[in-house]
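As structure tokens, the structure follows; a few thoughts come after it.
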Protein chains: 6
Amino acid sequence: MVAPLHRLLYADLVTRALQEDLGRAGDLTSDTVVPAAAQARAAFVARQPGCLAGLDLAAETCRQVDARLTFEARRQDGDDVAAGEVLAVVAGPARGILTAERVALNFLGHLSGVATVTRTMVRSLPADANTRLACTRKTLPGLRAVQKYAVRVGGGANHRFGLDDAVMIKDNHRQLAGGIGEAVRRARAAVGHTVKIEVEVDTLEQLTEALEARADIVLLDNMDPATLRQAVAQVRAAGTGTLTEASGGITPETAAEIAATGVDLLSVGWLTHSAPNLDIGLDIDLGSGS
Amino acid sequence: MVAPLHRLLYADLVTRALQEDLGRAGDLTSDTVVPAAAQARAAFVARQPGCLAGLDLAAETCRQVDARLTFEARRQDGDDVAAGEVLAVVAGPARGILTAERVALNFLGHLSGVATVTRTMVRSLPADANTRLACTRKTLPGLRAVQKYAVRVGGGANHRFGLDDAVMIKDNHRQLAGGIGEAVRRARAAVGHTVKIEVEVDTLEQLTEALEARADIVLLDNMDPATLRQAVAQVRAAGTGTLTEASGGITPETAAEIAATGVDLLSVGWLTHSAPNLDIGLDIDLGSGS
Amino acid sequence: MVAPLHRLLYADLVTRALQEDLGRAGDLTSDTVVPAAAQARAAFVARQPGCLAGLDLAAETCRQVDARLTFEARRQDGDDVAAGEVLAVVAGPARGILTAERVALNFLGHLSGVATVTRTMVRSLPADANTRLACTRKTLPGLRAVQKYAVRVGGGANHRFGLDDAVMIKDNHRQLAGGIGEAVRRARAAVGHTVKIEVEVDTLEQLTEALEARADIVLLDNMDPATLRQAVAQVRAAGTGTLTEASGGITPETAAEIAATGVDLLSVGWLTHSAPNLDIGLDIDLGSGS
Amino acid sequence: MVAPLHRLLYADLVTRALQEDLGRAGDLTSDTVVPAAAQARAAFVARQPGCLAGLDLAAETCRQVDARLTFEARRQDGDDVAAGEVLAVVAGPARGILTAERVALNFLGHLSGVATVTRTMVRSLPADANTRLACTRKTLPGLRAVQKYAVRVGGGANHRFGLDDAVMIKDNHRQLAGGIGEAVRRARAAVGHTVKIEVEVDTLEQLTEALEARADIVLLDNMDPATLRQAVAQVRAAGTGTLTEASGGITPETAAEIAATGVDLLSVGWLTHSAPNLDIGLDIDLGSGS
Amino acid sequence: MVAPLHRLLYADLVTRALQEDLGRAGDLTSDTVVPAAAQARAAFVARQPGCLAGLDLAAETCRQVDARLTFEARRQDGDDVAAGEVLAVVAGPARGILTAERVALNFLGHLSGVATVTRTMVRSLPADANTRLACTRKTLPGLRAVQKYAVRVGGGANHRFGLDDAVMIKDNHRQLAGGIGEAVRRARAAVGHTVKIEVEVDTLEQLTEALEARADIVLLDNMDPATLRQAVAQVRAAGTGTLTEASGGITPETAAEIAATGVDLLSVGWLTHSAPNLDIGLDIDLGSGS
Amino acid sequence: MVAPLHRLLYADLVTRALQEDLGRAGDLTSDTVVPAAAQARAAFVARQPGCLAGLDLAAETCRQVDARLTFEARRQDGDDVAAGEVLAVVAGPARGILTAERVALNFLGHLSGVATVTRTMVRSLPADANTRLACTRKTLPGLRAVQKYAVRVGGGANHRFGLDDAVMIKDNHRQLAGGIGEAVRRARAAVGHTVKIEVEVDTLEQLTEALEARADIVLLDNMDPATLRQAVAQVRAAGTGTLTEASGGITPETAAEIAATGVDLLSVGWLTHSAPNLDIGLDIDLGSGS
């Protein structure tokens with residue numbers, strides 16, 4: 001099971017999301033229409049099947065809205081859930097539940113959406129492949145830490161979290177440095193020993209250069225399966241332990257074929273920039289609060 | 001043309017997105033591999049057709065990364081762009097361009113994605129319908145203001161921005177208040193005179209109640225086209241100037257048929273919680289900076 | 001009773017107020033002079049009659065200063081209180097009470113001041129008038145949400161909370177748009193369906209234009225009672241359900257006369273930009289903590 | 001002339017005030033009704049006589065709204081201005097001016113209000129008195145630094161800015177410490193040598209104790225003029241250079257009489273917690289931008 | 001005993017320190033290697049003798065990392081601790097302890113380092129001297145409040161906390177004002193009555209001027225012991241109660257000799273800008289959590 | 001030359017440092033004593049030899065204090081500077097220079113201090129050793145990014161920046177996981193492919209386990225030189241490309257001997273938690289501003 005995300009990594013995000021929804025006057029409807037004393041009990045329910053992610057953020061949302069709300073998870077992040085399943089139950093003051101509802105669902109729906117597309121694609125890979133599916137830096141602004149968490153929940157792997165935790169030498173860097181060898185040399189001399197160096201290569205000639213420069217990872221960009229297969233063979237032959245990563249135009253349709261080439265990783269921006277929401281709703285049972 | 005979003009509404013978001021990407025050590029690759037003096041010129045280019053949105057955020061990203069970068073828009077938000085079209089050109093220190101690239105693209109791709117699905121659905125509505133397409137509060141956490149802007153850019157309308165700028169009496173509120181009439185009465189007595197009151201109705205009986213209570217807007221939830229048509233007729237007959245809004249399960253396939261019922265608005269969460277990224281890239285031309 | 005303001009709408013403000021008072025070294029006096037173990041019990045007491053507002057902010061102040069302090073409200077926001085009445089009791093470590101005292105009183109005194117002037121003016125209106133008293137955007141920087149809350153507590157109504165939750169077409173907008181009709185048309189086409197449009201009119205001719213443009217609200221600016229009466233008649237005759245709001249030079253002396261013209265609303269900046277403090281003190285009973 | 005307040009002490013406050021006004025959608029009216037290209041020129045004009053304060057905050061407001069706006073001060077903080085006088089002129093994009101208007105006026109009106117009541121009371125003191133008028137910690141939450149600045153502008157003096165920049169031993173501290181002498185001893189042993197120690201005394205007996213304890217300042221609380229006169233004499237006789245401060249129920253009516261007792265300072269909460277707004281408006285001249 | 005620092009003065013600093021350590025992905029090692037259910041008990045242990053400071057910050061760090069952790073102080077701030085002594089015990093989920101460890105130790109080690117060098121120097125002063133050792137504004141950015149607290153814990157005194165809580169007229173101010181007398185006059189006329197005025201003097205002639213100007217404190221800069229002795233005599237002779245402060249090149253070696261001149265204060269930047277860390281470690285006892 | 005730190009990584013820190021110094025009232029002395037029109041020119045001058053670091057932060061400090069100040073660097077970060085050398089010159093309004101002075105010096109002095117101890121220790125290593133000197137996470141709270149930058153400037157290498165950019169399996173993790181092999185397996189399965197895994201080993205037996213588990217780096221903790229030499233040999237024999245890092249009790253005296261064992265890295269907390277300030281001053285030349 002994936003470790004929970006530390007609360008300090010999402011508490012401010014939850015606060016911002018609530019402030020964005022409460023604005024300057026708060027929940028006009030619940031505050032004026034619902035009696036302050038009314039209690040309720042509500043179930044977060046999946047409306048379609050998928051991979052659940054984000055329960056802690058939903059719980060934090062409820063807690064920040066009203067500390068008297070109790071939030072009880074019935075399933076956990078990473079579970080495959082069916083349409084109609086109860087995911088969690090929240091109980092307490094009805095106003096609080098109604099105020100928290102949309103923000104909690106926005107987190108749950110989006111993160112479960114990311115986890116679901118990840119899991120689906122992971123399962124589409126050949127059973128005997130050792131290929132992992134990785135997300136990228138193509139994330140939605142402000143949501144990187146939680147989206148990457150959702151990818152982990154869905155069974156995917158995290159590529160670097162930012163510009164500062166791995167070196168990635170792309171086409172432009174190579175040209176500006178005057179070659180792959182020189183670029184890797186410069187990076188290696190300047191960055192810490194815990195930092196891996198990855199090199200993007202478009203051709204097998206560039207791959208040779210990257211292996212000679214002892215890149216830790218090579219990004220095989222936009223290669224067709226046949227070329228990928230050759231690249232993998234070349235890397236294995238080098239015996240340098242270099243990891244191979246394929247990227248570019250990987251879709252649910254092509255993922256299995258690409259994984260079959262033996263690459264270690266597929267990296268796919270779509271997991272984080274285009275995952276549709278998983279439909280989750282809140283069924284409220286009035287008059288039955290804690 | 002849609003008015004630009006005020007810089008104070010997105011400047012902090014851009015800063016957070018950059019800090020999320022720069023982490024604690026900054027752009028390890030560009031800083032160590034690219035000469036400090038290198039200049040470059042780069043074009044933001046559409047890789048697929050769509051509706052452009054987010055140029056100001058991309059420009060702000062570049063400006064925050066390096067104030068020496070110049071950003072020149074070639075198209076403007078709201079334009080239909082074709083694959084291959086240059087959207088904007090940034091020039092200056094190569095390191096700055098490379099550091100800004102991903103965050104700028106994340107904003108452009110996501111907001112253009114939202115604008116594009118909005119425009120596509122707007123265009124699918126019958127030419128003679130007066131129906132507007134509206135987004136909801138089903139937005140991604142922290143991105144509400146910019147997503148709603150993108151919906152406007154795509155030709156959509158904005159529903160309320162939060163819990164505090166309109167009253168929305170849903171099923172649960174109605175029950176907890178003891179009826180639509182009582183709920184509207186309570187809200188009207190408590191909220192300011194600039195605040196509209198919307199009532200969700202599931203049946204034509206409830207619609208009657210809502211009209212009697214003088215709701216400003218009625219949300220016709222999950223009604224089939226025939227019932228919607230009846231509801232619209234009933235509202236018009238009332239002569240109260242009440243607006244009609246349909247919601248629930250509206251898809252690109254069903255939108256036109258629902259619009260044809262004469263409702264004033266269709267509200268669709270999908271525009272903001274599930275819009276796929278519009279593919280936009282950055283083509284860098286080295287050695288040709290400002 | 002007015003709904004309490006959501007804690008997320010004032011918690012940061014309380015923190016800022018405390019940090020402003022504690023500075024870098026904290027409460028030099030209590031920390032060095034008062035024994036750490038000393039307990040006390042203190043009563044917030046009205047020194048003059050008025051309308052109470054801000055108890056939750058005083059409680060939050062105490063809680064943030066020392067979580068061990070207990071805060072027990074004896075009266076509630078909106079109560080008419082007499083000089084000498086105990087409003088709330090705080091008990092616990094003496095240092096905490098002394099440190100929290102001034103900030104808690106600053107909130108209570110100011111918000112009760114706003115509520116009191118509001119209530120006084122509301123009560124000065126004719127008993128048979130349906131006129132409501134509304135505050136404006138003439139608020140003290142950083143205090144809008146809490147001041148508007150205090151106005152509600154005092155029996156007043158809230159006008160818009162900012163530039164973004166209603167359209168207000170003033171003189172300058174009209175001229176820049178080329179007329180009231182055109183201004184309303186532009187706004188209506190661009191803003192969401194939950195947003196009301198208000199038009200400021202200085203003459204009955206302009207009022208005609210505003211009614212033709214189907215303004216939701218008309219602001220009758222600086223009109224004398226006779227003209228106001230004509231304006232109200234004209235609006236009623238139009239049968240458009242348009243609300244009428246009078247503003248400009250409304251004082252406690254003139255309010256009743258203006259309300260008697262039949263306008264729906266009086267809007268008065270004075271409630272929020274000039275309300276004097278309500279005198280409230282803290283009577284400390286040493287040696288009798290929780 | 002009073003030194004300007006450092007921009008770092010108010011820039012965040014201006015940003016918060018603008019964000020509070022812009023909300024999530026910005027200036028709906030100007031953005032949709034006013035042409036983007038329209039230019040204007042507008043004058044901040046006093047509608048009533050008073051002491052001007054806050055020009056830098058108004059300028060900062062305009063600058064943050066639109067960096068293209070030019071702001072030209074015609075008078076300066078501390079000037080006595082007459083009704084009808086132009087205080088400053090702002091020019092540039094009309095939208096920007098209209099968006100900035102209210103927040104800029106809220107700052108100017110409030111701070112000038114504080115400066116005006118201060119100046120009026122200062123001028124009411126006998127010409128030959130050396131008594132200074134001081135503000136207190138009874139300030140509006142979040143506005144302390146700017147209110148204290150306005151008091152200086154009006155000719156008043158600043159009492160301590162918070163709990164951390166002077167020791168103030170009040171009644172409760174005295175009791176909890178077991179006497180004035182002990183309280184002063186504890187404080188002096190613990191606080192830095194740059195920190196003054198003030199002691200509140202209610203009687204001449206307590207004054208004797210405070211002088212023996214070598215208090216730097218004595219706060220003569222709620223004493224009548226005759227007693228104050230005795231206290232001043234007693235302090236002078238002691239030859240300790242101790243400053244005398246009167247507080248409690250000082251009003252514009254009683255200030256002169258109290259000052260005539262020879263006390264060094266009068267401290268008055270009313271300056272900052274109850275100063276009414278000074279009426280300042282913005283006269284916009286369309287079509288005549290920069 | 002020194003009063004504890006108010007939590008509001010360090011809670012944000014602890015949060016920032018944790019976010020700096022957790023980055024975007026949190027504690028990769030503990031989260032993936034340590035079972036979620038594992039409990040532990042760990043002792044903060046001094047590895048070298050010194051003066052303890054910072055327990056509250058260590059406790060706050062643990063609390064923010066995991067609210068289930070219990071933190072029990074065994075010693076208190078200001079205690080002289082020996083190598084091997086247990087300072088505090090934390091117990092609860094093993095992951096939480098491991099995640100909190102480094103940040104908690106960074107606070108404890110640094111603040112105890114500051115307290116230790118302070119105490120050592122304080123103890124080096126002659127037993128019969130009334131000289132206090134003071135820190136300066138030469139602090140590490142962002143750490144001023146906590147470093148000044150550590151100095152107090154070590155037995156030192158705090159000089160001013162910033163540019164705003166005392167006047168300090170240095171060489172440049174004197175020249176720009178046209179003399180000490182004029183500089184003091186200007187300052188005294190403009191600042192509040194709770195603010196002390198200190199004047200830096202390099203010669204005995206300047207000292208005469210400062211005494212005539214009635215400076216509250218004189219900073220005797222870089223004077224040799226003989227000159228200091230003369231200066232002290234001159235100040236005493238003046239009978240103005242002026243405090244004397246020596247600064248410049250004061251080291252543990254010279255402090256005693258300088259104190260023997262009778263100056264009231266020695267101010268030393270080294271306490272806060274150069275104090276080495278006190279070595280404190282965390283000994284974890286697995287399997288023995290709360 | 002080391003790449004400059006991105007402004008977004010220190011701008012907030014500079015603001016916080018200035019706000020910490022300006023407090024609520026700003027620079028009382030300069031604002032009241034120095035004429036607003038006075039101009040000056042000042043030189044940052046080394047008072048002792050060392051390695052310069054932090055010029056950009058000093059420049060940012062001046063810019064934030066007064067945008068009219070010009071800051072001209074005469075030397076650059078990483079330069080060896082001699083006592084008496086001018087490092088940079090700032091010119092403009094005298095008040096601004098005096099207000100910025102201390103904060104700018106605090107940054108320069110501390111960061112140059114860190115760079116200087118780093119460079120000194122780096123130079124103490126044998127000329128023919130390939131050993132790099134690395135800093136740790138033992139940094140001062142809030143200063144990690146800038147301290148790690150200063151270490152780079154001094155010629156040192158950066159170990160991980162936080163808990164999230166490399167796995168570090170220490171003694172406790174090993175025990176809780178049930179062995180090194182199991183711990184590495186768990187981590188590798190869970191973390192991304194760009195993340196290196198380091199294992200702390202205390203004995204050669206553990207080293208064998210770590211090598212079998214294919215650790216990317218081994219931390220040889222507290223081994224004597226002879227054992228280190230054996231460990232290095234064992235690692236080389238394994239041919240796995242594993243990096244060797246020595247830590248524990250490394251001092252300027254022992255560093256050379258330990259480096260001679262052939263380890264790849266020495267990691268030393270002292271560089272960041274105990275580096276004394278480098279003495280740098282500001283020599284102000286009045287009347288000669290820009």
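Ligands are numbered from 1 in the order shown, chains are lettered A, B, ... in the order of the structure tokens, and residues start at 1 in each chain.
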
Could you give me the residues within range 79-171 of chain F that DSSP places in helix (DSSP H, G or I), as a ChimeraX atom specification? /F:94-124,144-153,171

Keeping only N, CA and C atoms, write those residues as a tab-separated table (two decimals), in the first residue's frame.
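Output (selection04.tsv):
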chain	number	residue	atom	x	y	z
F	94	ALA	N	20.42	58.22	1.17
F	94	ALA	CA	21.17	57.79	2.36
F	94	ALA	C	20.28	56.99	3.30
F	95	ARG	N	19.03	57.41	3.44
F	95	ARG	CA	18.14	56.65	4.33
F	95	ARG	C	18.05	55.19	3.90
F	96	GLY	N	17.90	54.97	2.62
F	96	GLY	CA	17.76	53.60	2.11
F	96	GLY	C	18.99	52.77	2.43
F	97	ILE	N	20.15	53.36	2.21
F	97	ILE	CA	21.39	52.62	2.47
F	97	ILE	C	21.49	52.24	3.94
F	98	LEU	N	21.18	53.19	4.81
F	98	LEU	CA	21.29	52.92	6.24
F	98	LEU	C	20.25	51.89	6.69
F	99	THR	N	19.08	51.93	6.09
F	99	THR	CA	18.05	50.96	6.46
F	99	THR	C	18.42	49.55	6.00
F	100	ALA	N	19.01	49.47	4.83
F	100	ALA	CA	19.34	48.14	4.27
F	100	ALA	C	20.59	47.53	4.88
F	101	GLU	N	21.44	48.36	5.43
F	101	GLU	CA	22.78	47.95	5.84
F	101	GLU	C	22.84	46.63	6.62
F	102	ARG	N	22.13	46.57	7.71
F	102	ARG	CA	22.31	45.41	8.60
F	102	ARG	C	21.83	44.11	7.98
F	103	VAL	N	20.67	44.14	7.36
F	103	VAL	CA	20.15	42.91	6.75
F	103	VAL	C	21.06	42.45	5.63
F	104	ALA	N	21.51	43.39	4.80
F	104	ALA	CA	22.42	43.01	3.71
F	104	ALA	C	23.69	42.39	4.28
F	105	LEU	N	24.22	42.98	5.33
F	105	LEU	CA	25.44	42.44	5.94
F	105	LEU	C	25.18	41.09	6.60
F	106	ASN	N	24.04	40.93	7.21
F	106	ASN	CA	23.75	39.64	7.83
F	106	ASN	C	23.75	38.52	6.78
F	107	PHE	N	23.18	38.79	5.61
F	107	PHE	CA	23.22	37.77	4.55
F	107	PHE	C	24.65	37.54	4.07
F	108	LEU	N	25.33	38.62	3.74
F	108	LEU	CA	26.69	38.49	3.21
F	108	LEU	C	27.62	37.80	4.20
F	109	GLY	N	27.55	38.23	5.45
F	109	GLY	CA	28.46	37.69	6.45
F	109	GLY	C	28.23	36.21	6.70
F	110	HIS	N	26.94	35.83	6.78
F	110	HIS	CA	26.66	34.43	7.06
F	110	HIS	C	27.00	33.54	5.86
F	111	LEU	N	26.56	33.93	4.69
F	111	LEU	CA	26.79	33.07	3.53
F	111	LEU	C	28.27	33.01	3.18
F	112	SER	N	28.96	34.13	3.32
F	112	SER	CA	30.41	34.10	3.09
F	112	SER	C	31.10	33.26	4.16
F	113	GLY	N	30.54	33.27	5.35
F	113	GLY	CA	31.08	32.41	6.40
F	113	GLY	C	30.98	30.94	6.03
F	114	VAL	N	29.82	30.56	5.54
F	114	VAL	CA	29.64	29.16	5.12
F	114	VAL	C	30.56	28.83	3.96
F	115	ALA	N	30.63	29.73	2.99
F	115	ALA	CA	31.49	29.47	1.83
F	115	ALA	C	32.96	29.38	2.24
F	116	THR	N	33.33	30.19	3.18
F	116	THR	CA	34.74	30.23	3.59
F	116	THR	C	35.16	28.95	4.32
F	117	VAL	N	34.34	28.49	5.24
F	117	VAL	CA	34.75	27.24	5.91
F	117	VAL	C	34.73	26.08	4.93
F	118	THR	N	33.82	26.13	3.98
F	118	THR	CA	33.79	25.07	2.97
F	118	THR	C	35.07	25.09	2.15
F	119	ARG	N	35.40	26.26	1.64
F	119	ARG	CA	36.59	26.35	0.79
F	119	ARG	C	37.86	25.96	1.55
F	120	THR	N	37.92	26.39	2.77
F	120	THR	CA	39.12	26.07	3.56
F	120	THR	C	39.26	24.56	3.71
F	121	MET	N	38.16	23.91	4.01
F	121	MET	CA	38.26	22.46	4.17
F	121	MET	C	38.50	21.77	2.83
F	122	VAL	N	37.88	22.26	1.78
F	122	VAL	CA	38.12	21.68	0.46
F	122	VAL	C	39.60	21.76	0.12
F	123	ARG	N	40.21	22.89	0.43
F	123	ARG	CA	41.62	23.06	0.08
F	123	ARG	C	42.55	22.25	0.96
F	124	SER	N	42.00	21.80	2.08
F	124	SER	CA	42.85	21.00	2.97
F	124	SER	C	42.94	19.56	2.49
F	144	ARG	N	17.95	26.68	4.34
F	144	ARG	CA	18.61	25.56	3.66
F	144	ARG	C	19.04	25.89	2.23
F	145	ALA	N	18.15	26.45	1.43
F	145	ALA	CA	18.49	26.70	0.03
F	145	ALA	C	19.67	27.65	-0.10
F	146	VAL	N	19.70	28.68	0.74
F	146	VAL	CA	20.80	29.64	0.59
F	146	VAL	C	22.10	29.11	1.21
F	147	GLN	N	22.00	28.34	2.27
F	147	GLN	CA	23.22	27.75	2.82
F	147	GLN	C	23.82	26.73	1.83
F	148	LYS	N	22.97	25.93	1.22
F	148	LYS	CA	23.49	24.93	0.28
F	148	LYS	C	24.12	25.63	-0.93
F	149	TYR	N	23.54	26.76	-1.29
F	149	TYR	CA	24.16	27.55	-2.36
F	149	TYR	C	25.55	28.02	-1.92
F	150	ALA	N	25.68	28.48	-0.70
F	150	ALA	CA	26.98	28.96	-0.21
F	150	ALA	C	28.00	27.83	-0.17
F	151	VAL	N	27.56	26.64	0.14
F	151	VAL	CA	28.47	25.50	0.12
F	151	VAL	C	28.97	25.27	-1.31
F	152	ARG	N	28.07	25.36	-2.28
F	152	ARG	CA	28.50	25.21	-3.69
F	152	ARG	C	29.51	26.29	-4.05
F	153	VAL	N	29.21	27.50	-3.61
F	153	VAL	CA	30.11	28.61	-3.92
F	153	VAL	C	31.51	28.33	-3.35
F	171	ASP	N	20.31	3.33	10.36
F	171	ASP	CA	20.23	2.27	11.34
F	171	ASP	C	18.79	1.92	11.75

Residues of chain B within 7 Å of chain C, counting only C-alpha atoms, what are they? List them as JSON, numbers by chain. {"B": [157, 158, 159, 160, 165, 166, 192, 193, 194, 196]}

Keeping only C-alpha atoms, take the residues you just selected and write them out as an mmCIF file, in the first residue's frame.
data_model
loop_
_atom_site.group_PDB
_atom_site.id
_atom_site.type_symbol
_atom_site.label_atom_id
_atom_site.label_comp_id
_atom_site.auth_asym_id
_atom_site.auth_seq_id
_atom_site.Cartn_x
_atom_site.Cartn_y
_atom_site.Cartn_z
ATOM 1 C CA ALA B 157 -20.969 31.596 -19.047
ATOM 2 C CA ASN B 158 -19.943 31.507 -15.419
ATOM 3 C CA HIS B 159 -22.243 30.118 -12.799
ATOM 4 C CA ARG B 160 -21.568 31.288 -9.252
ATOM 5 C CA ASP B 165 -22.277 34.949 -4.403
ATOM 6 C CA ALA B 166 -25.648 33.326 -4.995
ATOM 7 C CA GLY B 192 -28.346 41.058 0.417
ATOM 8 C CA HIS B 193 -30.481 42.473 -2.346
ATOM 9 C CA THR B 194 -27.784 41.896 -4.959
ATOM 10 C CA LYS B 196 -30.003 35.944 -6.639
#

DSSP strand (DSSP E) residues within range 115-259 of chain B, listed as an MDAnalysis selection string: chainID B and resid 132:135 157:158 167:169 197:201 217:221 243:247

Could you list, as a list in words, every residue within 8 Å of range 79-83 of chain D, counting only C-alpha atoms and ignoring same-chain residues fewer than 4 positions away?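 So, after excluding close chain neighbours, the residues are Val45, Ala46, Arg47, Gln48, Pro49, Gly50, Cys51, Leu52 and Arg75 of chain D.
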
Closest of C:Leu163, C:Ala73, C:Ala215, C:Leu133 to Ala259 in chain C - atom-to-atom distances counting only C-alpha atoms: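 Going through C:Leu163, C:Ala73, C:Ala215, C:Leu133 one by one, the smallest distance to Ala259 in chain C is for C:Leu133.
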
Quick one: distance from CA of Gly239 in chain A to CA of Glu212 in chain A in Å, one decimal? 11.3 Å

So, with only C-alpha atoms as the atoms that count, which of B:Thr29, B:Asn222, B:Thr139, B:Asn277 lies closest to Ile250 in chain B?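 Nearest candidate to Ile250 in chain B out of B:Thr29, B:Asn222, B:Thr139, B:Asn277: B:Asn222.
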
So that I can check the surroundings of Val33 in chain D, please list as a ChimeraX atom specification every protein, DNA and RNA residue that reaches within 10 Å of it, counting only C-alpha atoms and ignoring chain neighbours fewer than 4 positions away. /B:3 /C:167,169,173-178,182-188,190 /D:28-29,95

If we count only C-alpha atoms and set the cut-off at 10 Å, which residues sit around range 42-44 of chain A, ignoring sequence neighbours fewer than 2 positions away in its own chain? Please answer as a ChimeraX atom specification. /A:40,46-47,55,58,71-74,84-92,94,97-98,101,104-105,108,280-286,288-289
